[in-house]
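Raw contents of model_14.csv, CSV, C-alpha atoms:
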```csv
chain,number,residue,atom,x,y,z
A,828,MET,CA,0.3,6.1,7.3
A,829,LYS,CA,1.4,7.6,4.0
A,830,ARG,CA,2.4,11.2,4.1
A,831,ASN,CA,2.7,14.0,1.5
A,832,PHE,CA,4.6,13.8,-1.8
A,833,PHE,CA,8.0,14.4,-0.3
A,834,LYS,CA,7.4,13.3,3.2
A,835,GLY,CA,5.7,10.1,2.0
A,836,ALA,CA,7.6,8.2,-0.6
A,837,ALA,CA,10.7,10.3,-0.4
A,838,LEU,CA,10.9,11.7,3.1
A,839,ALA,CA,9.7,8.6,4.8
A,840,ALA,CA,12.7,6.8,3.4
A,841,ILE,CA,15.0,9.7,4.1
A,842,ALA,CA,13.7,10.1,7.6
A,843,LEU,CA,14.3,6.4,8.1
A,844,VAL,CA,18.0,6.8,7.4
A,845,GLY,CA,18.3,9.8,9.7
A,846,PHE,CA,18.4,12.9,7.5
A,847,THR,CA,17.9,15.3,10.3
A,848,ALA,CA,21.5,16.5,10.7
A,849,THR,CA,23.1,19.4,9.0
A,850,ALA,CA,24.8,19.2,5.7
A,851,GLN,CA,28.3,19.3,7.3
A,852,GLU,CA,27.4,16.4,9.6
A,853,GLU,CA,26.1,14.4,6.7
A,854,GLU,CA,29.3,14.9,4.7
A,855,SER,CA,31.3,13.3,7.6
A,856,LYS,CA,28.9,10.3,7.9
A,857,GLY,CA,29.2,9.2,4.3
A,858,ILE,CA,26.5,6.9,2.8
A,859,GLU,CA,23.9,5.7,5.3
A,860,LEU,CA,22.7,2.1,5.2
A,861,THR,CA,19.4,1.1,6.9
A,862,GLY,CA,16.7,-1.4,6.3
A,863,SER,CA,14.7,-4.3,7.7
A,864,VAL,CA,14.3,-8.1,7.6
A,865,ASP,CA,11.0,-9.8,8.3
A,866,ALA,CA,9.6,-13.4,8.4
A,867,TYR,CA,6.2,-14.8,9.4
A,868,PHE,CA,4.1,-17.9,10.1
A,869,ARG,CA,0.5,-18.0,8.7
A,870,THR,CA,-2.3,-20.6,9.0
A,871,ASN,CA,-6.0,-20.6,8.2
A,872,ILE,CA,-8.5,-21.3,11.0
A,873,ASN,CA,-11.4,-22.3,8.8
A,874,GLY,CA,-9.9,-22.5,5.3
A,875,ARG,CA,-7.7,-24.9,3.4
A,876,ASN,CA,-4.0,-25.0,4.3
A,877,SER,CA,-2.0,-26.5,1.5
A,878,ALA,CA,0.4,-25.4,-1.2
A,879,ASP,CA,-2.4,-26.4,-3.7
A,880,ASN,CA,-5.2,-23.8,-3.8
A,881,ASN,CA,-4.4,-22.4,-0.3
A,882,ALA,CA,-7.2,-20.2,0.9
A,883,VAL,CA,-5.9,-16.6,1.2
A,884,PRO,CA,-7.2,-13.1,1.5
A,885,GLY,CA,-7.3,-11.2,-1.8
A,886,THR,CA,-4.6,-8.8,-0.6
A,887,SER,CA,-0.9,-8.5,-1.3
A,888,PHE,CA,2.0,-10.1,0.6
A,889,TYR,CA,2.2,-12.5,3.5
A,890,ASN,CA,-0.2,-15.1,2.1
A,891,GLU,CA,2.0,-18.2,2.2
A,892,ASP,CA,1.0,-21.3,4.2
A,893,GLY,CA,3.3,-22.1,7.1
A,894,PHE,CA,6.6,-20.4,7.7
A,895,SER,CA,7.9,-17.9,5.1
A,896,VAL,CA,10.3,-15.0,4.5
A,897,GLY,CA,8.7,-11.6,3.8
A,898,MET,CA,11.4,-9.1,2.5
A,899,ILE,CA,15.0,-8.1,3.0
A,900,ASN,CA,15.1,-4.3,2.5
A,901,LEU,CA,18.4,-2.4,2.1
A,902,ILE,CA,18.3,1.4,1.8
A,903,ALA,CA,21.4,3.4,0.9
A,904,SER,CA,21.2,7.2,1.1
A,905,LYS,CA,23.2,10.4,1.1
A,906,GLN,CA,22.4,14.1,1.7
A,907,ILE,CA,24.8,16.9,1.1
A,908,GLY,CA,23.4,20.4,1.3
A,909,LYS,CA,20.5,20.8,-1.1
A,910,VAL,CA,21.0,17.5,-3.0
A,911,GLY,CA,20.6,13.8,-2.0
A,912,PHE,CA,19.7,10.4,-3.2
A,913,VAL,CA,18.0,7.2,-2.0
A,914,ALA,CA,18.6,3.7,-3.4
A,915,ASP,CA,16.1,1.2,-2.0
A,916,PHE,CA,16.6,-2.5,-2.8
A,917,ALA,CA,14.2,-5.2,-1.8
A,918,PHE,CA,14.6,-9.0,-2.0
A,919,GLY,CA,12.2,-11.9,-1.2
A,920,PRO,CA,8.6,-12.8,-1.9
A,921,THR,CA,7.2,-9.4,-0.9
A,922,ALA,CA,9.5,-7.7,-3.3
A,923,ASP,CA,8.5,-10.1,-6.1
A,924,GLU,CA,4.9,-9.0,-5.6
A,925,ALA,CA,5.5,-5.3,-5.1
A,926,ILE,CA,8.1,-4.5,-7.8
A,927,LEU,CA,7.6,-4.9,-11.6
A,928,GLY,CA,10.7,-5.0,-13.7
A,929,ASN,CA,13.0,-7.1,-15.9
A,930,GLY,CA,16.0,-9.0,-14.5
A,931,THR,CA,17.8,-7.2,-11.7
A,932,ALA,CA,15.5,-4.2,-12.1
A,933,ALA,CA,13.0,-6.1,-10.1
A,934,LEU,CA,15.2,-5.6,-7.1
A,935,VAL,CA,14.8,-1.8,-7.2
A,936,ASN,CA,12.0,-0.7,-4.9
A,937,GLN,CA,12.9,3.0,-5.1
A,938,ALA,CA,15.7,5.0,-6.7
A,939,TYR,CA,15.6,8.8,-6.8
A,940,VAL,CA,17.5,12.0,-6.4
A,941,THR,CA,16.3,15.1,-4.6
A,942,TYR,CA,17.0,18.8,-4.9
A,943,ALA,CA,15.8,21.4,-2.4
A,944,ALA,CA,15.2,24.3,-4.8
A,945,SER,CA,14.3,26.5,-1.9
A,946,ASP,CA,13.3,26.3,1.8
A,947,ALA,CA,9.7,25.6,0.6
A,948,LEU,CA,10.2,23.6,-2.6
A,949,THR,CA,11.7,20.1,-3.0
A,950,LEU,CA,12.0,18.2,-6.3
A,951,THR,CA,12.2,14.4,-6.5
A,952,PHE,CA,13.2,12.6,-9.8
A,953,GLY,CA,13.2,8.9,-10.2
A,954,ARG,CA,11.2,5.9,-8.9
A,955,PHE,CA,9.4,6.3,-5.6
A,956,ASN,CA,6.6,4.5,-3.7
A,957,THR,CA,3.1,5.9,-4.1
A,958,PHE,CA,1.8,8.9,-2.1
A,959,LEU,CA,-1.7,7.5,-2.2
A,960,GLY,CA,-3.2,5.5,0.6
A,961,TYR,CA,-2.5,4.7,4.3
A,962,GLU,CA,-0.2,1.7,4.0
A,963,VAL,CA,3.2,1.1,2.4
A,964,ILE,CA,5.3,-1.7,1.0
A,965,SER,CA,7.8,-2.0,3.8
A,966,PRO,CA,6.4,-3.7,6.9
A,967,THR,CA,8.2,-1.2,9.1
A,968,GLY,CA,5.8,1.5,7.9
A,969,ASN,CA,2.6,-0.3,8.7
A,970,PHE,CA,0.9,-1.2,12.0
A,971,ASN,CA,-0.9,-4.3,10.7
A,972,TYR,CA,1.3,-7.0,9.3
A,973,SER,CA,-1.0,-8.1,6.6
A,974,THR,CA,-2.1,-5.5,4.1
A,975,SER,CA,-5.5,-4.0,3.2
A,976,TYR,CA,-7.5,-4.4,0.0
A,977,LEU,CA,-7.3,-0.6,-0.6
A,978,PHE,CA,-3.5,-0.8,-0.5
A,979,SER,CA,-3.3,-4.0,-2.6
A,980,TYR,CA,-5.4,-2.5,-5.4
A,981,GLY,CA,-4.1,1.1,-5.3
A,982,PRO,CA,-0.8,1.9,-7.0
A,983,PHE,CA,2.4,0.7,-5.5
A,984,SER,CA,5.1,2.9,-7.1
A,985,HIS,CA,5.6,5.6,-9.7
A,986,THR,CA,8.5,6.7,-11.9
A,987,GLY,CA,8.7,10.4,-12.8
A,988,LEU,CA,9.2,13.9,-11.5
A,989,LYS,CA,7.4,15.4,-8.5
A,990,ALA,CA,7.5,18.6,-6.5
A,991,ASP,CA,6.5,19.2,-2.9
A,992,TYR,CA,5.8,22.8,-1.9
A,993,SER,CA,5.3,23.9,1.7
A,994,ILE,CA,2.7,26.7,1.7
A,995,ASP,CA,3.1,27.4,5.4
A,996,ASP,CA,3.8,25.5,8.6
A,997,ASN,CA,0.6,23.4,8.1
A,998,TRP,CA,-0.4,23.3,4.5
A,999,SER,CA,1.4,21.6,1.6
A,1000,LEU,CA,0.9,21.1,-2.1
A,1001,GLY,CA,2.3,18.4,-4.4
A,1002,VAL,CA,2.2,17.9,-8.1
A,1003,ALA,CA,3.7,15.1,-10.2
A,1004,VAL,CA,4.2,13.9,-13.8
A,1005,MET,CA,4.8,10.2,-14.0
A,1006,ASN,CA,4.9,7.1,-16.3
A,1007,SER,CA,1.7,5.0,-16.4
A,1008,THR,CA,0.8,3.8,-13.0
A,1009,ASP,CA,2.8,0.8,-11.8
A,1010,SER,CA,4.9,0.6,-15.0
A,1011,PRO,CA,8.0,-1.6,-14.6
A,1012,VAL,CA,11.2,0.0,-13.3
A,1013,ASP,CA,12.8,0.1,-16.7
A,1014,GLU,CA,10.0,1.1,-19.1
A,1015,ASN,CA,6.7,3.0,-19.6
A,1016,VAL,CA,4.4,0.2,-20.6
A,1017,ASN,CA,2.0,2.0,-23.0
A,1018,GLY,CA,3.9,5.3,-23.6
A,1019,LYS,CA,1.3,7.3,-21.7
A,1020,TYR,CA,1.6,9.5,-18.6
A,1021,THR,CA,-0.2,10.1,-15.4
A,1022,GLY,CA,-0.6,13.3,-13.4
A,1023,GLY,CA,-0.7,13.5,-9.6
A,1024,LEU,CA,-2.0,16.1,-7.2
A,1025,GLN,CA,-2.0,16.3,-3.4
A,1026,LEU,CA,-3.2,18.8,-0.9
A,1027,GLY,CA,-2.0,18.2,2.7
A,1028,TYR,CA,-2.5,19.6,6.2
A,1029,SER,CA,-0.4,18.5,9.2
A,1030,GLU,CA,0.1,19.6,12.8
A,1031,GLU,CA,1.5,18.0,15.9
A,1032,ALA,CA,-1.6,15.9,16.6
A,1033,GLY,CA,-1.9,14.4,13.1
A,1034,SER,CA,-2.4,15.0,9.4
A,1035,ALA,CA,-4.7,14.7,6.4
A,1036,TYR,CA,-3.9,14.3,2.7
A,1037,LEU,CA,-6.3,14.5,-0.3
A,1038,ASN,CA,-4.7,12.8,-3.3
A,1039,PHE,CA,-5.6,12.6,-7.0
A,1040,LEU,CA,-4.4,10.6,-10.0
A,1041,TYR,CA,-5.5,10.9,-13.6
A,1042,GLY,CA,-4.0,9.2,-16.7
A,1043,ARG,CA,-3.1,5.7,-17.6
A,1044,ASN,CA,-2.2,2.7,-15.6
A,1045,GLY,CA,0.2,0.2,-17.0
A,1046,PHE,CA,-2.5,-2.4,-17.9
A,1047,SER,CA,-5.3,-0.3,-19.5
A,1048,SER,CA,-5.9,1.5,-22.8
A,1049,GLU,CA,-8.4,3.8,-21.1
A,1050,GLU,CA,-8.0,6.7,-18.7
A,1051,THR,CA,-7.9,5.9,-15.0
A,1052,PHE,CA,-9.0,8.4,-12.2
A,1053,GLN,CA,-8.4,7.9,-8.5
A,1054,VAL,CA,-9.2,10.1,-5.5
A,1055,ASP,CA,-7.9,9.1,-2.1
A,1056,LEU,CA,-8.1,10.5,1.4
A,1057,THR,CA,-5.6,9.5,4.1
A,1058,THR,CA,-5.7,10.9,7.6
A,1059,GLY,CA,-4.6,10.0,11.2
A,1060,TRP,CA,-4.8,11.8,14.5
A,1061,ASP,CA,-3.7,11.3,18.1
A,1062,LEU,CA,-7.0,11.6,19.9
A,1063,ALA,CA,-5.5,11.0,23.3
A,1064,GLU,CA,-2.0,10.3,24.7
A,1065,ASP,CA,-2.4,6.6,24.2
A,1066,PHE,CA,-5.1,6.5,21.5
A,1067,TYR,CA,-4.6,7.0,17.7
A,1068,LEU,CA,-7.2,6.8,14.9
A,1069,GLY,CA,-6.4,6.5,11.2
A,1070,PHE,CA,-8.7,6.6,8.2
A,1071,ASN,CA,-8.4,5.8,4.5
A,1072,ALA,CA,-11.0,6.2,1.7
A,1073,SER,CA,-10.4,5.7,-2.0
A,1074,PHE,CA,-12.2,5.5,-5.3
A,1075,ASN,CA,-10.7,4.3,-8.6
A,1076,THR,CA,-12.4,4.0,-12.0
A,1077,THR,CA,-11.3,3.2,-15.5
A,1078,LYS,CA,-13.8,4.2,-18.3
A,1079,ASP,CA,-15.5,1.3,-20.1
A,1080,ALA,CA,-12.9,-1.2,-19.1
A,1081,GLY,CA,-15.2,-3.8,-17.7
A,1082,LEU,CA,-18.7,-5.5,-17.9
A,1083,ASP,CA,-21.7,-5.3,-15.7
A,1084,ALA,CA,-23.7,-8.3,-14.5
A,1085,ASP,CA,-25.6,-8.3,-17.9
A,1086,GLY,CA,-22.4,-8.4,-20.0
A,1087,VAL,CA,-22.8,-4.7,-21.0
A,1088,ALA,CA,-19.7,-2.5,-21.2
A,1089,ASP,CA,-19.2,-0.7,-17.9
A,1090,ASP,CA,-16.7,1.3,-16.0
A,1091,GLN,CA,-14.3,-0.8,-13.9
A,1092,GLY,CA,-12.6,-0.1,-10.6
A,1093,PHE,CA,-13.0,-0.2,-6.8
A,1094,TYR,CA,-13.8,1.8,-3.8
A,1095,GLY,CA,-13.6,1.3,-0.1
A,1096,VAL,CA,-13.0,2.7,3.4
A,1097,ALA,CA,-10.7,1.5,6.3
A,1098,LEU,CA,-10.6,2.6,9.9
A,1099,TYR,CA,-7.4,2.1,12.0
A,1100,PRO,CA,-7.9,2.6,15.8
A,1101,GLN,CA,-4.8,1.8,18.0
A,1102,TYR,CA,-4.3,1.9,21.7
A,1103,ALA,CA,-0.9,1.8,23.4
A,1104,PHE,CA,-1.0,-0.2,26.7
A,1105,SER,CA,2.7,0.6,27.3
A,1106,GLU,CA,5.8,1.8,25.5
A,1107,ALA,CA,6.4,-1.8,24.3
A,1108,PHE,CA,2.9,-3.0,23.4
A,1109,THR,CA,0.1,-1.6,21.3
A,1110,LEU,CA,-3.1,-3.2,20.1
A,1111,GLY,CA,-4.7,-2.1,16.8
A,1112,LEU,CA,-7.7,-2.9,14.6
A,1113,ARG,CA,-8.2,-2.5,10.9
A,1114,ALA,CA,-11.9,-2.5,9.8
A,1115,GLU,CA,-12.2,-2.3,6.0
A,1116,TYR,CA,-15.1,-2.4,3.5
A,1117,PHE,CA,-13.9,-2.9,-0.1
A,1118,GLU,CA,-15.9,-3.3,-3.4
A,1119,ALA,CA,-14.7,-4.0,-6.9
A,1120,PHE,CA,-17.0,-3.3,-9.8
A,1121,GLY,CA,-17.2,-3.8,-13.6
A,1122,GLY,CA,-15.8,-7.3,-13.4
A,1123,LEU,CA,-12.5,-6.3,-11.8
A,1124,ASP,CA,-10.9,-9.4,-10.2
A,1125,ALA,CA,-11.4,-8.4,-6.6
A,1126,GLY,CA,-8.8,-11.0,-5.6
A,1127,ILE,CA,-11.3,-12.3,-3.0
A,1128,GLY,CA,-10.3,-15.9,-3.8
A,1129,THR,CA,-12.3,-15.9,-7.1
A,1130,GLU,CA,-13.7,-13.4,-9.5
A,1131,ALA,CA,-17.4,-12.4,-9.7
A,1132,LEU,CA,-18.7,-14.7,-12.4
A,1133,PHE,CA,-22.0,-14.3,-14.3
A,1134,VAL,CA,-23.7,-16.3,-17.0
A,1135,ASP,CA,-24.4,-15.0,-20.5
A,1136,PRO,CA,-28.2,-15.7,-21.1
A,1137,LEU,CA,-27.6,-16.6,-24.8
A,1138,THR,CA,-24.4,-18.7,-24.7
A,1139,LEU,CA,-24.7,-19.8,-21.1
A,1140,GLU,CA,-21.0,-19.2,-20.7
A,1141,GLU,CA,-19.5,-17.6,-17.6
A,1142,PHE,CA,-17.9,-14.2,-17.9
A,1143,ASN,CA,-16.2,-11.8,-15.5
A,1144,GLY,CA,-18.6,-8.9,-14.6
A,1145,GLY,CA,-20.6,-7.2,-12.0
A,1146,ASP,CA,-19.6,-6.4,-8.5
A,1147,VAL,CA,-18.0,-8.2,-5.6
A,1148,ASN,CA,-17.3,-6.9,-2.1
A,1149,VAL,CA,-15.6,-7.9,1.1
A,1150,PHE,CA,-15.5,-6.8,4.7
A,1151,ALA,CA,-12.2,-7.6,6.5
A,1152,THR,CA,-11.4,-7.1,10.2
A,1153,THR,CA,-7.8,-7.4,11.4
A,1154,LEU,CA,-6.7,-7.4,15.0
A,1155,THR,CA,-3.0,-6.9,15.5
A,1156,GLY,CA,-0.8,-6.8,18.5
A,1157,SER,CA,2.6,-5.0,18.3
A,1158,TYR,CA,5.3,-5.9,20.8
A,1159,THR,CA,8.7,-4.2,20.5
A,1160,VAL,CA,12.0,-5.5,22.0
A,1161,GLY,CA,14.8,-3.3,21.0
A,1162,ALA,CA,15.0,-3.3,17.2
A,1163,LEU,CA,12.7,-6.4,16.9
A,1164,THR,CA,8.9,-6.1,16.6
A,1165,ILE,CA,6.6,-9.1,17.1
A,1166,LYS,CA,3.1,-8.9,15.5
A,1167,PRO,CA,0.5,-11.6,16.3
A,1168,GLU,CA,-2.6,-11.0,14.1
A,1169,LEU,CA,-6.1,-12.5,13.8
A,1170,ARG,CA,-7.9,-11.7,10.5
A,1171,ILE,CA,-11.5,-12.4,9.3
A,1172,ASP,CA,-12.5,-11.8,5.7
A,1173,ILE,CA,-16.2,-12.0,4.7
A,1174,SER,CA,-17.0,-11.9,1.0
A,1175,SER,CA,-20.2,-11.4,-1.0
A,1176,GLU,CA,-19.2,-14.4,-3.1
A,1177,ASP,CA,-18.3,-18.0,-2.1
A,1178,ALA,CA,-14.6,-17.4,-2.6
A,1179,PHE,CA,-12.4,-19.1,-0.1
A,1180,ALA,CA,-11.3,-22.7,-0.3
A,1181,ASP,CA,-12.5,-24.7,2.8
A,1182,GLY,CA,-12.3,-28.4,1.7
A,1183,PRO,CA,-10.2,-30.9,-0.2
A,1184,ALA,CA,-12.0,-30.5,-3.5
A,1185,LEU,CA,-11.5,-27.5,-5.8
A,1186,GLY,CA,-15.3,-26.7,-5.6
A,1187,ASP,CA,-15.3,-26.6,-1.8
A,1188,VAL,CA,-15.6,-22.9,-1.1
A,1189,ASN,CA,-16.9,-20.6,1.6
A,1190,ASP,CA,-17.8,-16.9,1.8
A,1191,SER,CA,-15.6,-16.3,4.8
A,1192,LEU,CA,-12.0,-16.9,5.9
A,1193,SER,CA,-10.4,-16.7,9.3
A,1194,SER,CA,-6.6,-16.7,9.5
A,1195,PHE,CA,-3.7,-16.2,12.0
A,1196,VAL,CA,-0.4,-14.6,11.2
A,1197,LEU,CA,2.7,-14.1,13.4
A,1198,GLY,CA,5.2,-11.7,12.0
A,1199,ALA,CA,8.6,-10.7,13.1
A,1200,ILE,CA,10.4,-7.5,11.9
A,1201,TYR,CA,13.9,-6.5,12.6
A,1202,SER,CA,14.9,-2.9,11.7
A,1203,PHE,CA,18.4,-1.5,11.5
```

Spit out the file's structure as C-alpha cells when you get a sec.
Amino acid sequence: MKRNFFKGAALAAIALVGFTATAQEEESKGIELTGSVDAYFRTNINGRNSADNNAVPGTSFYNEDGFSVGMINLIASKQIGKVGFVADFAFGPTADEAILGNGTAALVNQAYVTYAASDALTLTFGRFNTFLGYEVISPTGNFNYSTSYLFSYGPFSHTGLKADYSIDDNWSLGVAVMNSTDSPVDENVNGKYTGGLQLGYSEEAGSAYLNFLYGRNGFSSEETFQVDLTTGWDLAEDFYLGFNASFNTTKDAGLDADGVADDQGFYGVALYPQYAFSEAFTLGLRAEYFEAFGGLDAGIGTEALFVDPLTLEEFNGGDVNVFATTLTGSYTVGALTIKPELRIDISSEDAFADGPALGDVNDSLSSFVLGAIYSF
C-alpha cells in the first residue's frame, strides 16, 4: 500500500535499494542499483480477444491480449549522511502509460533529491510517485497484478517540493507544493500549482493515511479537489486487510445526463483481504466499487452517452459505475513472483466487446492474467 509522503513515493524507493545502513556504510557501497522486470499473459473468458477492439477493463496497464511485456524498472540511488538521491527509470508498455513527457523524459519515472533537515524533518525535491491511494506504478509494490480503477484515475506522479515531519513514533504530517497534477516530466502544463497535505498514523500492526490534494490537474482549467484514505492492518499472523476510499471532483468540468453543466470526477472504495497459506503462497482479493460522474470517461470500455432532446445527438454526460472483483494468487520462488489472477468487471453500461461486430457489447467482462515479476 502507499505510505506517507516520504515513506511512500520517496522512502518506498529508498527502502527498496536498502537505505538502512549507516552513512559510512553507504559511502563504501557506492551507487546502489535495483529494480524489476515483469511479463504477463492475458485472455478474456467472455469478451473479445483480438488486437482490434480487444475487451479490457477500464484500468491502467496489463490490458494487452496474449503475451506481453510489462515494465523494465531500473533504480539508481545513493545516500551519504543527510543527503541522497533516487533516479528511477522505466521502460516498456507500463512505463508508456504511467509516465508523461517528451522524448527521453518519458523514461523518467522518478528523479529526486532528499535532505534530512533534522531527525524529524525530511525534504524531497523533484519528481516522485503520488502519495495518494493504495496501489503504485511498480508491480513489485502491489499484491494484485492488474490495477484498480481508483489507482488508474487518481494521480500517478508529481513534480515539486514536499516535506515529511515525524510528530512522534506514530504520527506524521506531510505538506507539498507541486506542479499541476500529472504534468509531464519536463513542464508544468498550465502554469498552475497543486498543494498536498497528509496526516499519517502507523504502528507495528499497520498504518492509516488521510490525503488531500487541491489545485489544478494537467488537463483542466478548473480547480480539482481530492480526498483519499489509505489503510492496512495485520488482523492476525496470516491475515491482512487493506482499504482505500477516494473522492475527486473538478468544478463545472462536465455535463449531467440532461446536458447541463455539472461537476466532474469520481469516487469509490476498494477492500484488500489477503491470507498467507505459507511463506511462499498468499491468496488475496480486491473488491472495488467505482463511479465516474459528470461525463468523465470512466474507461469502462465506453463512455456514458446520453441524447440531447433537441438535436438528438449523443454527448458525454451523466454517471457510469463498475464493480470489479479480482482474485490473485502470489507464489514466490527466490526473486521471482508468479501471480495467477481471475478478474470480473460488471458495469452499469453495456461497455465490453463480446462479439465480432463493433456493436456487440456486454455489461460484464471476465478475464484471466498470469504475471511474472523478477526483482533484483

**Request:** For each of A:Ser1193, A:Ser863, A:Ser1010, A:Ser1034, take the minimum atom-to-atom distance to Ala925 (chain A), counting all atoms listed in the file, then give the residue where this is smallest.
**Result:**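 Counting all atoms listed in the file, the residue closest to Ala925 (chain A) is A:Ser1010.
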
**Request:** Go through A:Val1087, A:Leu1037, A:Leu1098, A:Leu1197 one by one, measure the shortest atom-to-atom distance of each to Trp1060 (chain A) using only C-alpha atoms, and give the residue with the smallest value.
**Result:**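 Ranked by minimum distance to Trp1060 (chain A), first place goes to A:Leu1098.
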
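With CA of Val940 (chain A) on one side and CA of Asn956 (chain A) on the other, the separation reads 13.5 Å.
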
**Asked** CA of Ala1199 (chain A) and CA of Arg1170 (chain A), how far apart in Å?
**Response** 16.7 Å

**Distance criterion (all atoms listed in the file): nearest to Asn969 (chain A) out of A:Gly1042, A:Gly1111, A:Gly987, A:Gly1145** = A:Gly1111
